[in-house]
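**Student:** If it helps, the file is called upload_23.cif and holds mmCIF, C-alpha atoms:
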```cif
data_coords
#
loop_
_atom_site.group_PDB
_atom_site.id
_atom_site.type_symbol
_atom_site.label_atom_id
_atom_site.label_comp_id
_atom_site.auth_asym_id
_atom_site.auth_seq_id
_atom_site.Cartn_x
_atom_site.Cartn_y
_atom_site.Cartn_z
ATOM 1 C CA PHE A 1 3.153 -50.229 32.303
ATOM 2 C CA LYS A 2 6.372 -51.581 30.887
ATOM 3 C CA SER A 3 9.620 -50.561 32.510
ATOM 4 C CA GLY A 4 13.129 -51.810 33.088
ATOM 5 C CA ASP A 5 11.959 -53.622 36.216
ATOM 6 C CA VAL A 6 9.059 -56.062 36.505
ATOM 7 C CA ARG A 7 8.194 -54.525 39.902
ATOM 8 C CA ALA A 8 7.601 -51.067 38.396
ATOM 9 C CA ASN A 9 3.833 -51.353 38.812
ATOM 10 C CA GLU A 10 3.950 -52.465 42.448
ATOM 11 C CA TYR A 11 4.164 -48.885 43.662
ATOM 12 C CA ILE A 12 2.122 -46.170 41.988
ATOM 13 C CA GLY A 13 4.703 -43.492 42.793
ATOM 14 C CA LEU A 14 7.417 -45.412 40.971
ATOM 15 C CA ALA A 15 5.087 -46.061 38.024
ATOM 16 C CA ALA A 16 4.368 -42.319 37.894
ATOM 17 C CA LEU A 17 8.093 -41.514 37.838
ATOM 18 C CA HIS A 18 8.714 -43.999 35.033
ATOM 19 C CA THR A 19 5.828 -42.517 33.050
ATOM 20 C CA MET A 20 7.102 -38.969 33.597
ATOM 21 C CA TRP A 21 10.615 -39.834 32.367
ATOM 22 C CA VAL A 22 9.290 -41.684 29.306
ATOM 23 C CA ARG A 23 7.144 -38.673 28.430
ATOM 24 C CA GLU A 24 10.099 -36.328 28.933
ATOM 25 C CA HIS A 25 12.179 -38.512 26.612
ATOM 26 C CA ASN A 26 9.452 -38.306 23.970
ATOM 27 C CA ARG A 27 9.148 -34.532 24.406
ATOM 28 C CA VAL A 28 12.905 -34.100 23.941
ATOM 29 C CA ALA A 29 12.812 -36.406 20.900
ATOM 30 C CA ARG A 30 10.092 -34.267 19.300
ATOM 31 C CA GLN A 31 12.167 -31.121 19.824
ATOM 32 C CA LEU A 32 15.276 -32.775 18.421
ATOM 33 C CA ARG A 33 13.268 -34.011 15.408
ATOM 34 C CA ARG A 34 12.226 -30.421 14.650
ATOM 35 C CA LEU A 35 15.838 -29.227 14.934
ATOM 36 C CA ASN A 36 17.338 -32.203 13.069
ATOM 37 C CA PRO A 37 14.790 -33.562 10.589
ATOM 38 C CA HIS A 38 17.541 -35.533 8.815
ATOM 39 C CA TRP A 39 18.342 -37.691 11.876
ATOM 40 C CA LEU A 40 17.440 -41.373 11.831
ATOM 41 C CA ASP A 41 15.096 -42.678 14.552
ATOM 42 C CA GLU A 42 17.953 -44.422 16.374
ATOM 43 C CA ILE A 43 19.973 -41.200 16.562
ATOM 44 C CA LEU A 44 16.924 -39.339 17.876
ATOM 45 C CA PHE A 45 16.327 -42.043 20.459
ATOM 46 C CA GLN A 46 19.937 -42.143 21.689
ATOM 47 C CA GLU A 47 20.401 -38.358 21.802
ATOM 48 C CA SER A 48 17.102 -37.940 23.659
ATOM 49 C CA ARG A 49 18.193 -40.697 26.012
ATOM 50 C CA ARG A 50 21.490 -38.917 26.732
ATOM 51 C CA ILE A 51 19.721 -35.650 27.503
ATOM 52 C CA VAL A 52 17.149 -37.269 29.805
ATOM 53 C CA ILE A 53 19.844 -39.266 31.621
ATOM 54 C CA GLY A 54 21.691 -35.979 32.149
ATOM 55 C CA LEU A 55 18.548 -34.409 33.608
ATOM 56 C CA LEU A 56 18.041 -37.350 35.939
ATOM 57 C CA GLN A 57 21.687 -37.289 37.036
ATOM 58 C CA HIS A 58 21.528 -33.555 37.676
ATOM 59 C CA ILE A 59 18.400 -33.877 39.824
ATOM 60 C CA THR A 60 19.961 -36.829 41.661
ATOM 61 C CA PHE A 61 23.229 -35.049 42.473
ATOM 62 C CA ALA A 62 21.842 -31.535 42.978
ATOM 63 C CA GLU A 63 18.704 -32.309 44.963
ATOM 64 C CA PHE A 64 18.217 -35.930 46.058
ATOM 65 C CA LEU A 65 21.651 -37.076 47.257
ATOM 66 C CA PRO A 66 22.425 -33.933 49.289
ATOM 67 C CA LEU A 67 19.212 -34.569 51.245
ATOM 68 C CA VAL A 68 19.913 -38.285 51.725
ATOM 69 C CA LEU A 69 23.672 -38.176 52.328
ATOM 70 C CA GLY A 70 24.177 -34.638 53.576
ATOM 71 C CA LYS A 71 26.469 -31.973 52.151
ATOM 72 C CA ASP A 72 29.506 -33.104 54.169
ATOM 73 C CA THR A 73 29.361 -36.627 52.737
ATOM 74 C CA MET A 74 28.833 -35.219 49.248
ATOM 75 C CA ASN A 75 31.936 -33.036 49.685
ATOM 76 C CA ASN A 76 34.039 -35.805 51.264
ATOM 77 C CA PHE A 77 33.441 -38.087 48.284
ATOM 78 C CA GLY A 78 33.681 -35.366 45.617
ATOM 79 C CA MET A 79 30.044 -35.788 44.627
ATOM 80 C CA GLN A 80 28.971 -32.145 44.701
ATOM 81 C CA LEU A 81 28.165 -30.417 41.429
ATOM 82 C CA GLU A 82 30.475 -27.690 40.205
ATOM 83 C CA LYS A 83 29.120 -24.147 40.231
ATOM 84 C CA GLU A 84 31.242 -23.190 37.200
ATOM 85 C CA ASP A 85 33.899 -24.623 34.866
ATOM 86 C CA TYR A 86 31.954 -27.878 34.668
ATOM 87 C CA PHE A 87 32.424 -30.393 31.900
ATOM 88 C CA LYS A 88 30.192 -29.567 28.939
ATOM 89 C CA GLY A 89 30.960 -32.523 26.716
ATOM 90 C CA TYR A 90 29.984 -36.144 26.500
ATOM 91 C CA LYS A 91 32.426 -39.029 26.922
ATOM 92 C CA MET A 92 31.123 -41.889 24.810
ATOM 93 C CA ASN A 93 33.728 -44.355 26.116
ATOM 94 C CA ILE A 94 32.493 -44.193 29.730
ATOM 95 C CA ASN A 95 29.928 -46.810 30.731
ATOM 96 C CA PRO A 96 27.187 -44.970 32.660
ATOM 97 C CA GLY A 97 25.709 -48.223 33.977
ATOM 98 C CA LEU A 98 25.680 -49.605 37.484
ATOM 99 C CA ALA A 99 26.632 -52.987 38.796
ATOM 100 C CA ASN A 100 23.470 -55.033 39.306
ATOM 101 C CA SER A 101 24.193 -55.317 43.038
ATOM 102 C CA ILE A 102 24.327 -51.534 43.397
ATOM 103 C CA GLY A 103 21.147 -51.075 41.385
ATOM 104 C CA ALA A 104 19.303 -53.665 43.453
ATOM 105 C CA THR A 105 20.476 -52.100 46.718
ATOM 106 C CA ALA A 106 19.511 -48.622 45.546
ATOM 107 C CA LEU A 107 16.046 -49.835 44.587
ATOM 108 C CA TYR A 108 15.428 -51.302 48.040
ATOM 109 C CA PHE A 109 16.736 -48.133 49.670
ATOM 110 C CA TYR A 110 14.460 -46.027 47.472
ATOM 111 C CA ILE A 111 11.460 -48.203 48.299
ATOM 112 C CA SER A 112 12.228 -47.826 52.018
ATOM 113 C CA LEU A 113 11.739 -44.060 51.596
ATOM 114 C CA MET A 114 8.217 -44.487 50.238
ATOM 115 C CA PRO A 115 5.217 -43.887 52.481
ATOM 116 C CA LYS A 116 3.223 -46.915 53.603
ATOM 117 C CA LYS A 117 -0.021 -45.173 52.665
ATOM 118 C CA LEU A 118 -1.122 -42.821 49.907
ATOM 119 C CA GLU A 119 -3.643 -40.072 50.510
ATOM 120 C CA VAL A 120 -6.762 -40.261 48.331
ATOM 121 C CA PHE A 121 -8.503 -37.137 47.026
ATOM 122 C CA ASP A 122 -11.767 -36.636 45.171
ATOM 123 C CA LYS A 123 -12.178 -34.643 41.942
ATOM 124 C CA THR A 124 -12.433 -31.375 43.869
ATOM 125 C CA GLY A 125 -9.175 -31.966 45.733
ATOM 126 C CA LYS A 126 -10.835 -32.840 49.044
ATOM 127 C CA ARG A 127 -9.007 -35.545 50.989
ATOM 128 C CA ILE A 128 -11.292 -38.547 51.369
ATOM 129 C CA GLY A 129 -8.969 -41.012 53.054
ATOM 130 C CA ASP A 130 -5.892 -43.071 52.426
ATOM 131 C CA GLU A 131 -4.937 -46.429 50.984
ATOM 132 C CA SER A 132 -2.263 -48.819 52.168
ATOM 133 C CA ILE A 133 0.369 -49.623 49.615
#
```
Could the structure of this file be written out as structure tokens, please?
**Tutor:**
Amino acid sequence: FKSGDVRANEYIGLAALHTMWVREHNRVARQLRRLNPHWLDEILFQESRRIVIGLLQHITFAEFLPLVLGKDTMNNFGMQLEKEDYFKGYKMNINPGLANSIGATALYFYISLMPKKLEVFDKTGKRIGDESI
């Protein structure tokens, strides 16, 4: 599969996540197309992209980071999500990207969380063994 990283196919779990997010982007784009049939393809792509990035950021800050960093660290660095009165807009002048060094470090950290083996199941759901990654 193609992804933003040539190593995307080295780990099946990461390939599955990439595939899921691409499919979610396409699902959102189809919904936006129905609501806005006059939009050009580029507008559909970018608006779908913004929505999916928002979903990913919400999952990251609401579920993943609190488990990895702990609630105290999240609070100390102002990283917790607001329960109400949160920002509902979109600031186009803010670069949502990461420095390459941060992205590379995060990738290695993420990979360190992955299991060394994957369980293998048959068509009926019976576990038949495991495979080293």
**Student:** Convert the output of the PyMOL selection byres ((chain A and resi 114) around 12) on the shown file into explicit residues, formatted as a list of chain:residue names.
**Tutor:**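 Checked against the file, the PyMOL selection byres ((chain A and resi 114) around 12) matches A:Glu10, A:Tyr11, A:Ile12, A:Gly13, A:Leu14, A:Leu107, A:Tyr108, A:Phe109, A:Tyr110, A:Ile111, A:Ser112, A:Leu113, A:Pro115, A:Lys116, A:Lys117, A:Leu118, A:Ser132, A:Ile133.
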**Student:** Looking at A:Met20, A:Leu81, A:Met74, A:Leu40, which one is nearest to Gln57 of chain A, with distances taken over only C-alpha atoms?
**Tutor:**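 Closest to Gln57 of chain A, using only C-alpha atoms: A:Leu81.
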**Student:** Residues at most 7 Å from segment 21-31 of chain A, counting only C-alpha atoms, excluding those fewer than 6 positions away in the same chain, as a short mmCIF file (atom, residue, chain, number, x, y, z; two decimals) with C-alpha atoms, in the coordinates of the input?
**Tutor:**
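Output contents, as saved in out.cif:
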```cif
data_model
loop_
_atom_site.label_atom_id
_atom_site.label_comp_id
_atom_site.auth_asym_id
_atom_site.auth_seq_id
_atom_site.Cartn_x
_atom_site.Cartn_y
_atom_site.Cartn_z
CA LEU A 44 16.92 -39.34 17.88
CA PHE A 45 16.33 -42.04 20.46
CA SER A 48 17.10 -37.94 23.66
CA ARG A 49 18.19 -40.70 26.01
CA VAL A 52 17.15 -37.27 29.80
#
```
**Student:** What are the centre and the three edge lengths of an axis-aligned box that wraps all atoms of segment 67-72 of chain A in the file, given that 4 Å is added to every side, written as JSON and rounded to one decimal in Å?
**Tutor:**
```
{"center_x": 24.4, "center_y": -35.1, "center_z": 52.7, "size_x": 18.3, "size_y": 14.3, "size_z": 10.9}
```
**Student:** One number please: atom CA of Phe61 of chain A to atom CA of Ser3 of chain A, in Å, one decimal.
**Tutor:** 22.9 Å
**Student:** May I ask for the distance between atom CA of Gly89 of chain A and atom CA of Ala62 of chain A, given in Å to one decimal place?
**Tutor:**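 About the pair atom CA of Gly89 of chain A and atom CA of Ala62 of chain A: they are 18.7 Å apart.
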**Student:** Could you state which residues are captured by the PyMOL selection byres ((chain A and resi 65) around 12) in this file, as a PyMOL selection string?
**Tutor:** chain A and resi 56-64+66-75+77+79-81+106+110
**Student:** Tell me, in Å to one decimal, how far atom CA of Arg33 of chain A is from atom CA of Arg50 of chain A.
**Tutor:** 14.8 Å
**Student:** Select, from A:Met92, A:Gly78, A:Val6, A:Phe121, the residue with the minimum atom-to-atom distance to Gln46 of chain A, counting all atoms listed in the file.
**Tutor:** A:Met92
**Student:** Write segment 8-26 of chain A as a compact mmCIF listing (two decimals), in the coordinates of the input, completed to N, CA and C atoms.
**Tutor:**
```txt
# COMPACT_ATOMS: atom_id res chain seq x y z
N ALA A 8 7.90 -52.49 38.59
CA ALA A 8 7.60 -51.07 38.40
C ALA A 8 6.16 -50.72 38.73
N ASN A 9 5.24 -51.64 38.56
CA ASN A 9 3.83 -51.35 38.81
C ASN A 9 3.39 -51.68 40.23
N GLU A 10 4.31 -52.12 41.07
CA GLU A 10 3.95 -52.46 42.45
C GLU A 10 3.72 -51.22 43.30
N TYR A 11 4.32 -50.12 42.91
CA TYR A 11 4.16 -48.88 43.66
C TYR A 11 3.78 -47.77 42.69
N ILE A 12 2.65 -47.16 42.93
CA ILE A 12 2.12 -46.17 41.99
C ILE A 12 3.06 -44.98 41.82
N GLY A 13 3.77 -44.61 42.89
CA GLY A 13 4.70 -43.49 42.79
C GLY A 13 5.84 -43.79 41.83
N LEU A 14 6.35 -45.01 41.88
CA LEU A 14 7.42 -45.41 40.97
C LEU A 14 6.90 -45.49 39.54
N ALA A 15 5.69 -46.01 39.36
CA ALA A 15 5.09 -46.06 38.02
C ALA A 15 4.91 -44.65 37.47
N ALA A 16 4.53 -43.71 38.33
CA ALA A 16 4.37 -42.32 37.89
C ALA A 16 5.70 -41.72 37.47
N LEU A 17 6.77 -42.02 38.22
CA LEU A 17 8.09 -41.51 37.84
C LEU A 17 8.54 -42.09 36.50
N HIS A 18 8.35 -43.39 36.31
CA HIS A 18 8.71 -44.00 35.03
C HIS A 18 7.95 -43.34 33.89
N THR A 19 6.66 -43.13 34.09
CA THR A 19 5.83 -42.52 33.05
C THR A 19 6.31 -41.10 32.75
N MET A 20 6.63 -40.34 33.79
CA MET A 20 7.10 -38.97 33.60
C MET A 20 8.39 -38.94 32.77
N TRP A 21 9.34 -39.83 33.09
CA TRP A 21 10.62 -39.83 32.37
C TRP A 21 10.45 -40.31 30.93
N VAL A 22 9.56 -41.25 30.69
CA VAL A 22 9.29 -41.68 29.31
C VAL A 22 8.69 -40.52 28.51
N ARG A 23 7.76 -39.81 29.12
CA ARG A 23 7.14 -38.67 28.43
C ARG A 23 8.16 -37.56 28.18
N GLU A 24 9.05 -37.34 29.13
CA GLU A 24 10.10 -36.33 28.93
C GLU A 24 11.01 -36.74 27.78
N HIS A 25 11.37 -38.01 27.72
CA HIS A 25 12.18 -38.51 26.61
C HIS A 25 11.48 -38.23 25.28
N ASN A 26 10.20 -38.52 25.21
CA ASN A 26 9.45 -38.31 23.97
C ASN A 26 9.34 -36.82 23.63
```
